[in-house]
>>> print(open('start_12.cif').read())   # mmCIF, C-alpha atoms
data_coords
loop_
_atom_site.group_PDB
_atom_site.id
_atom_site.type_symbol
_atom_site.label_atom_id
_atom_site.label_comp_id
_atom_site.auth_asym_id
_atom_site.auth_seq_id
_atom_site.Cartn_x
_atom_site.Cartn_y
_atom_site.Cartn_z
ATOM 1 C CA MET A 1 -20.489 0.560 9.134
ATOM 2 C CA VAL A 2 -19.486 -2.072 6.618
ATOM 3 C CA HIS A 3 -17.551 -0.868 3.612
ATOM 4 C CA SER A 4 -17.692 -3.011 0.543
ATOM 5 C CA SER A 5 -14.625 -2.551 -1.555
ATOM 6 C CA SER A 6 -16.684 -3.372 -4.633
ATOM 7 C CA ARG A 7 -17.948 0.206 -4.552
ATOM 8 C CA ARG A 8 -16.560 1.995 -7.567
ATOM 9 C CA TYR A 9 -16.566 5.527 -6.241
ATOM 10 C CA GLU A 10 -15.078 7.230 -3.260
ATOM 11 C CA GLU A 11 -17.355 9.015 -0.795
ATOM 12 C CA HIS A 12 -14.638 11.036 0.913
ATOM 13 C CA ALA A 13 -11.174 12.269 0.099
ATOM 14 C CA TYR A 14 -8.491 14.095 2.035
ATOM 15 C CA VAL A 15 -6.967 17.283 0.615
ATOM 16 C CA LEU A 16 -3.250 17.048 -0.171
ATOM 17 C CA ASP A 17 -2.975 20.375 -1.967
ATOM 18 C CA PHE A 18 -5.129 22.900 -3.787
ATOM 19 C CA ASN A 19 -4.538 25.704 -6.225
ATOM 20 C CA PRO A 20 -7.225 28.445 -6.174
ATOM 21 C CA ARG A 21 -6.337 29.342 -9.763
ATOM 22 C CA GLY A 22 -5.229 26.022 -11.117
ATOM 23 C CA LYS A 23 -5.393 24.205 -14.422
ATOM 24 C CA SER A 24 -6.412 20.568 -14.539
ATOM 25 C CA SER A 25 -3.749 18.059 -15.468
ATOM 26 C CA THR A 26 -6.390 15.435 -16.312
ATOM 27 C CA ILE A 27 -8.967 17.407 -18.312
ATOM 28 C CA ARG A 28 -7.691 19.933 -20.811
ATOM 29 C CA GLY A 29 -9.141 23.405 -20.421
ATOM 30 C CA LYS A 30 -10.601 22.848 -16.945
ATOM 31 C CA GLU A 31 -9.609 25.677 -14.653
ATOM 32 C CA GLY A 32 -10.546 26.795 -11.177
ATOM 33 C CA ILE A 33 -9.859 25.523 -7.694
ATOM 34 C CA ILE A 34 -7.887 22.390 -8.494
ATOM 35 C CA ILE A 35 -7.566 20.064 -5.520
ATOM 36 C CA THR A 36 -5.232 17.119 -5.251
ATOM 37 C CA ALA A 37 -6.615 14.568 -2.813
ATOM 38 C CA ILE A 38 -6.445 10.936 -1.788
ATOM 39 C CA GLY A 39 -9.601 8.855 -1.554
ATOM 40 C CA GLU A 40 -10.412 7.428 1.856
ATOM 41 C CA ASP A 41 -11.606 3.986 0.802
ATOM 42 C CA ARG A 42 -9.649 3.044 -2.313
ATOM 43 C CA LEU A 43 -6.639 5.277 -1.512
ATOM 44 C CA THR A 44 -6.565 6.573 -5.064
ATOM 45 C CA LEU A 45 -4.902 9.896 -5.854
ATOM 46 C CA LEU A 46 -7.529 12.203 -7.322
ATOM 47 C CA GLU A 47 -7.811 15.552 -9.027
ATOM 48 C CA ILE A 48 -10.934 17.429 -7.965
ATOM 49 C CA LEU A 49 -12.554 20.691 -9.049
ATOM 50 C CA GLY A 50 -13.690 22.783 -6.086
ATOM 51 C CA VAL A 51 -16.701 25.076 -5.898
ATOM 52 C CA PRO A 52 -15.569 28.651 -6.699
ATOM 53 C CA ASN A 53 -14.767 30.837 -3.669
ATOM 54 C CA THR A 54 -14.608 27.856 -1.343
ATOM 55 C CA THR A 55 -11.676 27.458 0.999
ATOM 56 C CA PHE A 56 -9.874 24.214 1.671
ATOM 57 C CA GLU A 57 -7.325 23.140 4.236
ATOM 58 C CA LEU A 58 -4.516 20.632 3.867
ATOM 59 C CA GLY A 59 -5.561 17.322 5.387
ATOM 60 C CA GLU A 60 -9.239 18.295 5.308
ATOM 61 C CA LYS A 61 -11.730 15.472 4.714
ATOM 62 C CA ILE A 62 -14.123 16.470 1.934
ATOM 63 C CA PHE A 63 -17.254 14.748 0.645
ATOM 64 C CA ILE A 64 -16.950 13.715 -2.997
ATOM 65 C CA GLY A 65 -19.817 11.219 -3.217
ATOM 66 C CA ARG A 66 -22.437 11.342 -5.940
ATOM 67 C CA GLU A 67 -25.190 13.178 -4.036
ATOM 68 C CA GLY A 68 -25.034 16.253 -1.863
ATOM 69 C CA ARG A 69 -21.566 17.653 -2.494
ATOM 70 C CA THR A 70 -21.110 21.101 -1.044
ATOM 71 C CA LYS A 71 -17.495 22.062 -1.759
ATOM 72 C CA VAL A 72 -16.812 19.935 -4.814
ATOM 73 C CA LEU A 73 -18.009 20.498 -8.371
ATOM 74 C CA SER A 74 -16.532 17.349 -9.817
ATOM 75 C CA VAL A 75 -13.935 14.656 -9.546
ATOM 76 C CA LEU A 76 -11.853 15.269 -12.648
ATOM 77 C CA GLY A 77 -9.881 12.058 -12.642
ATOM 78 C CA LYS A 78 -7.028 10.121 -11.145
ATOM 79 C CA ALA A 79 -3.919 12.085 -10.318
ATOM 80 C CA ASN A 80 -0.463 10.770 -10.984
ATOM 81 C CA LEU A 81 2.061 10.603 -8.187
ATOM 82 C CA ASP A 82 4.610 12.238 -10.503
ATOM 83 C CA SER A 83 2.296 15.182 -11.142
ATOM 84 C CA LEU A 84 1.787 15.945 -7.434
ATOM 85 C CA SER A 85 3.089 19.303 -6.278
ATOM 86 C CA PRO A 86 5.984 19.235 -3.813
ATOM 87 C CA SER A 87 3.500 20.444 -1.203
ATOM 88 C CA ALA A 88 1.091 17.552 -1.929
ATOM 89 C CA GLN A 89 3.964 15.075 -1.791
ATOM 90 C CA GLY A 90 4.944 16.570 1.556
ATOM 91 C CA GLU A 91 1.423 16.096 2.913
ATOM 92 C CA LEU A 92 0.981 12.563 1.615
ATOM 93 C CA SER A 93 2.494 10.582 4.465
ATOM 94 C CA SER A 94 0.733 12.500 7.240
ATOM 95 C CA VAL A 95 -2.621 12.320 5.418
ATOM 96 C CA VAL A 96 -2.191 8.570 4.872
ATOM 97 C CA GLU A 97 -1.548 8.219 8.608
ATOM 98 C CA ILE A 98 -4.770 10.150 9.314
ATOM 99 C CA ILE A 99 -6.694 7.761 7.027
ATOM 100 C CA VAL A 100 -5.160 4.677 8.657
ATOM 101 C CA THR A 101 -5.977 6.123 12.086
ATOM 102 C CA ASP A 102 -9.549 7.152 11.224
ATOM 103 C CA ASN A 103 -10.365 3.848 9.543
ATOM 104 C CA GLU A 104 -9.012 1.598 12.278
ATOM 105 C CA ALA A 105 -11.872 -0.921 12.006
ATOM 106 C CA LYS A 106 -11.268 -1.425 8.283
ATOM 107 C CA PHE A 107 -7.524 -2.010 8.653
ATOM 108 C CA ILE A 108 -7.922 -4.238 11.713
ATOM 109 C CA GLU A 109 -10.457 -6.277 9.737
ATOM 110 C CA TYR A 110 -7.879 -6.601 6.972
ATOM 111 C CA LEU A 111 -5.247 -7.841 9.438
ATOM 112 C CA ASN A 112 -7.774 -10.257 10.937
ATOM 113 C CA ASN A 113 -8.609 -11.777 7.557
ATOM 114 C CA ALA A 114 -5.544 -11.430 5.330
ATOM 115 C CA GLY A 115 -4.320 -14.707 3.912
ATOM 116 C CA PRO A 116 -1.453 -16.080 1.846
ATOM 117 C CA LEU A 117 -0.884 -14.474 -1.557
ATOM 118 C CA THR A 118 1.248 -17.317 -2.886
ATOM 119 C CA PRO A 119 2.421 -20.559 -1.266
ATOM 120 C CA ARG A 120 5.551 -18.716 -0.101
ATOM 121 C CA THR A 121 4.228 -15.245 0.644
ATOM 122 C CA HIS A 122 1.623 -14.152 3.153
ATOM 123 C CA ALA A 123 -0.071 -10.759 2.684
ATOM 124 C CA LEU A 124 0.908 -9.759 6.223
ATOM 125 C CA GLU A 125 4.610 -10.165 5.436
ATOM 126 C CA LEU A 126 4.320 -7.368 2.893
ATOM 127 C CA ILE A 127 3.554 -4.867 5.622
ATOM 128 C CA PRO A 128 6.814 -3.242 6.766
ATOM 129 C CA GLY A 129 7.776 -4.281 10.267
ATOM 130 C CA ILE A 130 5.970 -7.615 10.082
ATOM 131 C CA GLY A 131 8.533 -10.284 9.388
ATOM 132 C CA LYS A 132 8.130 -14.046 9.750
ATOM 133 C CA THR A 133 8.256 -13.886 13.568
ATOM 134 C CA TYR A 134 5.585 -11.228 14.016
ATOM 135 C CA MET A 135 3.501 -12.857 11.325
ATOM 136 C CA LYS A 136 3.559 -16.219 13.119
ATOM 137 C CA THR A 137 2.525 -14.587 16.412
ATOM 138 C CA LEU A 138 -0.108 -12.496 14.649
ATOM 139 C CA LEU A 139 -1.646 -15.548 12.970
ATOM 140 C CA GLU A 140 -1.642 -17.535 16.225
ATOM 141 C CA GLU A 141 -3.197 -14.676 18.181
ATOM 142 C CA ARG A 142 -5.932 -13.951 15.660
ATOM 143 C CA GLU A 143 -6.835 -17.673 15.652
ATOM 144 C CA ARG A 144 -7.472 -17.397 19.381
ATOM 145 C CA LYS A 145 -9.389 -14.151 19.121
ATOM 146 C CA LYS A 146 -9.752 -11.558 16.393
ATOM 147 C CA PHE A 147 -7.976 -8.254 17.010
ATOM 148 C CA GLU A 148 -10.239 -5.425 18.117
ATOM 149 C CA SER A 149 -7.947 -2.425 17.703
ATOM 150 C CA TYR A 150 -4.412 -1.288 16.974
ATOM 151 C CA ALA A 151 -3.796 -1.206 20.735
ATOM 152 C CA ASP A 152 -5.036 -4.787 21.063
ATOM 153 C CA LEU A 153 -2.745 -5.878 18.219
ATOM 154 C CA GLN A 154 0.209 -4.009 19.721
ATOM 155 C CA GLU A 155 -0.373 -5.559 23.131
ATOM 156 C CA ARG A 156 -0.824 -9.151 21.969
ATOM 157 C CA VAL A 157 1.719 -9.301 19.159
ATOM 158 C CA GLY A 158 4.273 -6.755 20.355
ATOM 159 C CA LEU A 159 4.255 -4.928 17.020
ATOM 160 C CA ASN A 160 4.933 -1.285 17.801
ATOM 161 C CA ASP A 161 3.019 1.463 16.024
ATOM 162 C CA PRO A 162 0.966 -0.587 13.548
ATOM 163 C CA ILE A 163 -0.410 2.661 12.083
ATOM 164 C CA SER A 164 2.977 3.736 10.775
ATOM 165 C CA HIS A 165 3.695 0.248 9.356
ATOM 166 C CA ILE A 166 0.399 0.147 7.476
ATOM 167 C CA SER A 167 0.885 3.756 6.332
ATOM 168 C CA GLN A 168 4.358 2.909 5.031
ATOM 169 C CA ARG A 169 2.909 0.012 3.043
ATOM 170 C CA ILE A 170 0.293 2.313 1.489
ATOM 171 C CA LEU A 171 2.993 4.844 0.553
ATOM 172 C CA ASP A 172 5.059 2.051 -1.039
ATOM 173 C CA GLU A 173 1.998 1.069 -3.076
ATOM 174 C CA LEU A 174 1.315 4.670 -4.117
ATOM 175 C CA THR A 175 4.902 5.181 -5.261
ATOM 176 C CA GLY A 176 4.774 1.931 -7.202
ATOM 177 C CA GLU A 177 7.616 0.435 -5.187
ATOM 178 C CA SER A 178 5.555 -2.658 -4.474
ATOM 179 C CA ARG A 179 4.533 -5.126 -7.156
ATOM 180 C CA MET A 180 1.382 -6.176 -5.354
ATOM 181 C CA ASN A 181 -1.209 -3.893 -3.812
ATOM 182 C CA LEU A 182 -2.902 -4.796 -0.551
ATOM 183 C CA PHE A 183 -4.631 -1.486 0.091
ATOM 184 C CA VAL A 184 -4.442 0.880 -2.903
ATOM 185 C CA LYS A 185 -6.986 0.048 -5.596
ATOM 186 C CA LYS A 186 -5.684 0.429 -9.119
#
>>> encode(input="start_12.cif", output="structure tokens")
Amino acid sequence: MVHSSSRRYEEHAYVLDFNPRGKSSTIRGKEGIIITAIGEDRLTLLEILGVPNTTFELGEKIFIGREGRTKVLSVLGKANLDSLSPSAQGELSSVVEIIVTDNEAKFIEYLNNAGPLTPRTHALELIPGIGKTYMKTLLEERERKKFESYADLQERVGLNDPISHISQRILDELTGESRMNLFVKK
């Protein structure tokens, strides 16, 4: 499965919160099952209108693609981090970890191909836990042989728990704490 990041629309999103009798914060007058979710591919925060009388679970992966939706009426728009409910904010880090875990191939491919952003800054350095030393080892190792998995990376580079480091980077991008985005599409 090759994902092109040129695709404009998300196919799947993960539920962060839902309000069975909610009011949209993006489209005035829209009411119903209002779901706050994060897109799987572009990692965008979204507000979604659910099909009436449908149940949702926190962390659930739902299909939001163009054709064949079953639980979703429409994607209302992008949600703002500031407008997330406390419950959605509480779910965010664990759901991001689920996405990073489930999309291992995509993130490993990123680590295998990431390059310098400026003459002084390499994209890999922006991932928490990867300083100059790990970066040097990582670059040397991937020259020899591309990484195949998080376990492979951990074993060859010594970087513990790459999933939580990548997840932390995504959270920093979502909260706007980072000036440059590696993973979250604007």
>>> atom_distance(input="start_12.cif", atom1="CA of Glu141 in chain A", atom2="CA of Asp102 in chain A")
23.8 Å
>>> closest_residue(input="start_12.cif", among="A:Lys136, A:Thr26, A:Ile130, A:His122", to="Ser83 in chain A", atoms="all atoms listed in the file")
A:Thr26
>>> closest_residue(input="start_12.cif", among="A:Glu11, A:Leu174, A:Leu182, A:Thr133", to="Leu159 in chain A", atoms="all atoms listed in the file")
A:Thr133
>>> resolve_selection(input="start_12.cif", expression="the PyMOL selection byres ((chain A and resi 163) around 7)", output="PDB file with C-alpha atoms, in the coordinates of the input")
ATOM      1  CA  GLU A  97      -1.548   8.219   8.608  1.00  0.00           C
ATOM      2  CA  VAL A 100      -5.160   4.677   8.657  1.00  0.00           C
ATOM      3  CA  THR A 101      -5.977   6.123  12.086  1.00  0.00           C
ATOM      4  CA  ASP A 161       3.019   1.463  16.024  1.00  0.00           C
ATOM      5  CA  PRO A 162       0.966  -0.587  13.548  1.00  0.00           C
ATOM      6  CA  SER A 164       2.977   3.736  10.775  1.00  0.00           C
ATOM      7  CA  HIS A 165       3.695   0.248   9.356  1.00  0.00           C
ATOM      8  CA  ILE A 166       0.399   0.147   7.476  1.00  0.00           C
ATOM      9  CA  SER A 167       0.885   3.756   6.332  1.00  0.00           C
TER      10      SER A 167
END
>>> atom_distance(input="start_12.cif", atom1="CA of Leu138 in chain A", atom2="CA of Val95 in chain A")
26.6 Å
>>> atom_distance(input="start_12.cif", atom1="CA of Asp17 in chain A", atom2="CA of Leu58 in chain A")
6.0 Å
>>> resolve_selection(input="start_12.cif", expression="the PyMOL selection byres ((chain A and resi 148) around 12)", output="list in words")
Glu104, Ala105, Lys106, Phe107, Ile108, Glu109, Tyr110, Leu111, Asn112, Glu141, Arg142, Lys145, Lys146, Phe147, Ser149, Tyr150, Ala151, Asp152, Leu153, Gln154, Glu155 and Arg156 of chain A
>>> residues_around(input="start_12.cif", residues="Gln168 in chain A", least_positions_apart="3", cutoff="8 Å", atoms="only C-alpha atoms", output="list in words")
Ser93, Ile127, Pro128, Ser164, His165, Leu171 and Asp172 of chain A
>>> axis_aligned_box(input="start_12.cif", around="range 67-79 of chain A", padding_each_side="8 Å", output="JSON")
{"center_x": -14.6, "center_y": 16.1, "center_z": -6.8, "size_x": 37.3, "size_y": 27.9, "size_z": 27.6}
>>> closest_residue(input="start_12.cif", among="A:Val15, A:Val51, A:Leu139, A:Leu76", to="Ile27 in chain A", atoms="only C-alpha atoms")
A:Leu76
>>> resolve_selection(input="start_12.cif", expression="the PyMOL selection byres ((chain A and resi 12) around 8)", output="list in words")
Glu10, Glu11, Ala13, Tyr14, Gly39, Glu40, Asp41, Lys61, Ile62, Phe63, Ile64 and Gly65 of chain A
>>> residues_around(input="start_12.cif", residues="range 20-25 of chain A", least_positions_apart="3", cutoff="9 Å", atoms="all atoms listed in the file", output="VMD selection string")
chain A and resid 28 to 35 47 to 50 52 to 55 76 79 83
>>> closest_residue(input="start_12.cif", among="A:Leu46, A:Val75, A:Leu117, A:Ala88", to="Asn19 in chain A", atoms="all atoms listed in the file")
A:Ala88
>>> residues_around(input="start_12.cif", residues="Thr175 in chain A", least_positions_apart="5", cutoff="9 Å", atoms="only C-alpha atoms", output="list in words")
Leu81, Asp82 and Ile170 of chain A
>>> residues_around(input="start_12.cif", residues="Lys185 in chain A", least_positions_apart="6", cutoff="9 Å", atoms="only C-alpha atoms", output="PyMOL selection string")
chain A and resi 41-44
>>> write_last_selection(input="start_12.cif", atoms="C-alpha atoms", output="PDB file, in the coordinates of the input")
ATOM      1  CA  ASP A  41     -11.606   3.986   0.802  1.00  0.00           C
ATOM      2  CA  ARG A  42      -9.649   3.044  -2.313  1.00  0.00           C
ATOM      3  CA  LEU A  43      -6.639   5.277  -1.512  1.00  0.00           C
ATOM      4  CA  THR A  44      -6.565   6.573  -5.064  1.00  0.00           C
TER       5      THR A  44
END
>>> closest_residue(input="start_12.cif", among="A:Tyr134, A:Asn181, A:Ala37, A:Thr118", to="Val72 in chain A", atoms="all atoms listed in the file")
A:Ala37
>>> build_atoms(input="start_12.cif", residues="range 107-118 of chain A", atoms="all heavy atoms", output="tab-separated table (two decimals), keeping the file's coordinate frame")
chain	number	residue	atom	x	y	z
A	107	PHE	N	-8.87	-1.45	8.74
A	107	PHE	CA	-7.52	-2.01	8.65
A	107	PHE	C	-7.35	-3.19	9.61
A	107	PHE	O	-6.67	-4.16	9.28
A	107	PHE	CB	-6.47	-0.93	8.86
A	107	PHE	CG	-6.39	0.02	7.68
A	107	PHE	CD1	-6.97	1.28	7.74
A	107	PHE	CD2	-5.77	-0.37	6.51
A	107	PHE	CE1	-6.93	2.14	6.64
A	107	PHE	CE2	-5.73	0.48	5.40
A	107	PHE	CZ	-6.31	1.73	5.48
A	108	ILE	N	-7.97	-3.11	10.77
A	108	ILE	CA	-7.92	-4.24	11.71
A	108	ILE	C	-8.63	-5.44	11.09
A	108	ILE	O	-8.15	-6.57	11.18
A	108	ILE	CB	-8.55	-3.85	13.08
A	108	ILE	CG1	-7.60	-2.92	13.84
A	108	ILE	CG2	-8.89	-5.08	13.90
A	108	ILE	CD1	-6.27	-3.55	14.27
A	109	GLU	N	-9.75	-5.18	10.42
A	109	GLU	CA	-10.46	-6.28	9.74
A	109	GLU	C	-9.54	-6.91	8.69
A	109	GLU	O	-9.50	-8.13	8.53
A	109	GLU	CB	-11.74	-5.75	9.09
A	109	GLU	CG	-12.56	-6.85	8.44
A	109	GLU	CD	-13.75	-6.35	7.63
A	109	GLU	OE1	-13.99	-5.12	7.59
A	109	GLU	OE2	-14.42	-7.19	7.02
A	110	TYR	N	-8.81	-6.08	7.97
A	110	TYR	CA	-7.88	-6.60	6.97
A	110	TYR	C	-6.85	-7.52	7.64
A	110	TYR	O	-6.60	-8.64	7.19
A	110	TYR	CB	-7.16	-5.47	6.21
A	110	TYR	CG	-6.23	-6.04	5.18
A	110	TYR	CD1	-6.70	-6.40	3.92
A	110	TYR	CD2	-4.89	-6.29	5.47
A	110	TYR	CE1	-5.86	-6.99	2.98
A	110	TYR	CE2	-4.04	-6.88	4.54
A	110	TYR	CZ	-4.54	-7.22	3.31
A	110	TYR	OH	-3.70	-7.82	2.38
A	111	LEU	N	-6.26	-7.05	8.74
A	111	LEU	CA	-5.25	-7.84	9.44
A	111	LEU	C	-5.84	-9.13	10.01
A	111	LEU	O	-5.17	-10.16	10.08
A	111	LEU	CB	-4.61	-7.02	10.57
A	111	LEU	CG	-3.82	-5.78	10.12
A	111	LEU	CD1	-3.36	-4.97	11.32
A	111	LEU	CD2	-2.63	-6.17	9.25
A	112	ASN	N	-7.10	-9.07	10.39
A	112	ASN	CA	-7.77	-10.26	10.94
A	112	ASN	C	-8.07	-11.30	9.86
A	112	ASN	O	-8.24	-12.48	10.17
A	112	ASN	CB	-9.09	-9.87	11.62
A	112	ASN	CG	-8.88	-9.40	13.05
A	112	ASN	OD1	-7.98	-9.86	13.73
A	112	ASN	ND2	-9.72	-8.47	13.49
A	113	ASN	N	-8.16	-10.87	8.61
A	113	ASN	CA	-8.61	-11.78	7.56
A	113	ASN	C	-7.61	-12.04	6.44
A	113	ASN	O	-7.84	-12.89	5.60
A	113	ASN	CB	-9.92	-11.26	6.95
A	113	ASN	CG	-11.02	-11.22	7.99
A	113	ASN	OD1	-11.30	-12.21	8.65
A	113	ASN	ND2	-11.63	-10.06	8.17
A	114	ALA	N	-6.51	-11.29	6.42
A	114	ALA	CA	-5.54	-11.43	5.33
A	114	ALA	C	-5.00	-12.86	5.29
A	114	ALA	O	-4.77	-13.47	6.32
A	114	ALA	CB	-4.39	-10.45	5.52
A	115	GLY	N	-4.82	-13.35	4.08
A	115	GLY	CA	-4.32	-14.71	3.91
A	115	GLY	C	-3.07	-14.74	3.06
A	115	GLY	O	-2.52	-13.68	2.71
A	116	PRO	N	-2.63	-15.95	2.71
A	116	PRO	CA	-1.45	-16.08	1.85
A	116	PRO	C	-1.75	-15.55	0.44
A	116	PRO	O	-2.87	-15.70	-0.04
A	116	PRO	CB	-1.20	-17.59	1.81
A	116	PRO	CG	-2.09	-18.18	2.85
A	116	PRO	CD	-3.20	-17.23	3.09
A	117	LEU	N	-0.74	-14.95	-0.18
A	117	LEU	CA	-0.88	-14.47	-1.56
A	117	LEU	C	-0.39	-15.55	-2.52
A	117	LEU	O	-0.93	-15.74	-3.59
A	117	LEU	CB	-0.08	-13.19	-1.75
A	117	LEU	CG	-0.54	-12.01	-0.89
A	117	LEU	CD1	0.49	-10.89	-0.95
A	117	LEU	CD2	-1.90	-11.52	-1.33
A	118	THR	N	0.68	-16.21	-2.12
A	118	THR	CA	1.25	-17.32	-2.89
A	118	THR	C	1.64	-18.36	-1.84
A	118	THR	O	1.62	-18.06	-0.65
A	118	THR	CB	2.53	-16.88	-3.65
A	118	THR	OG1	3.56	-16.62	-2.69
A	118	THR	CG2	2.30	-15.64	-4.50
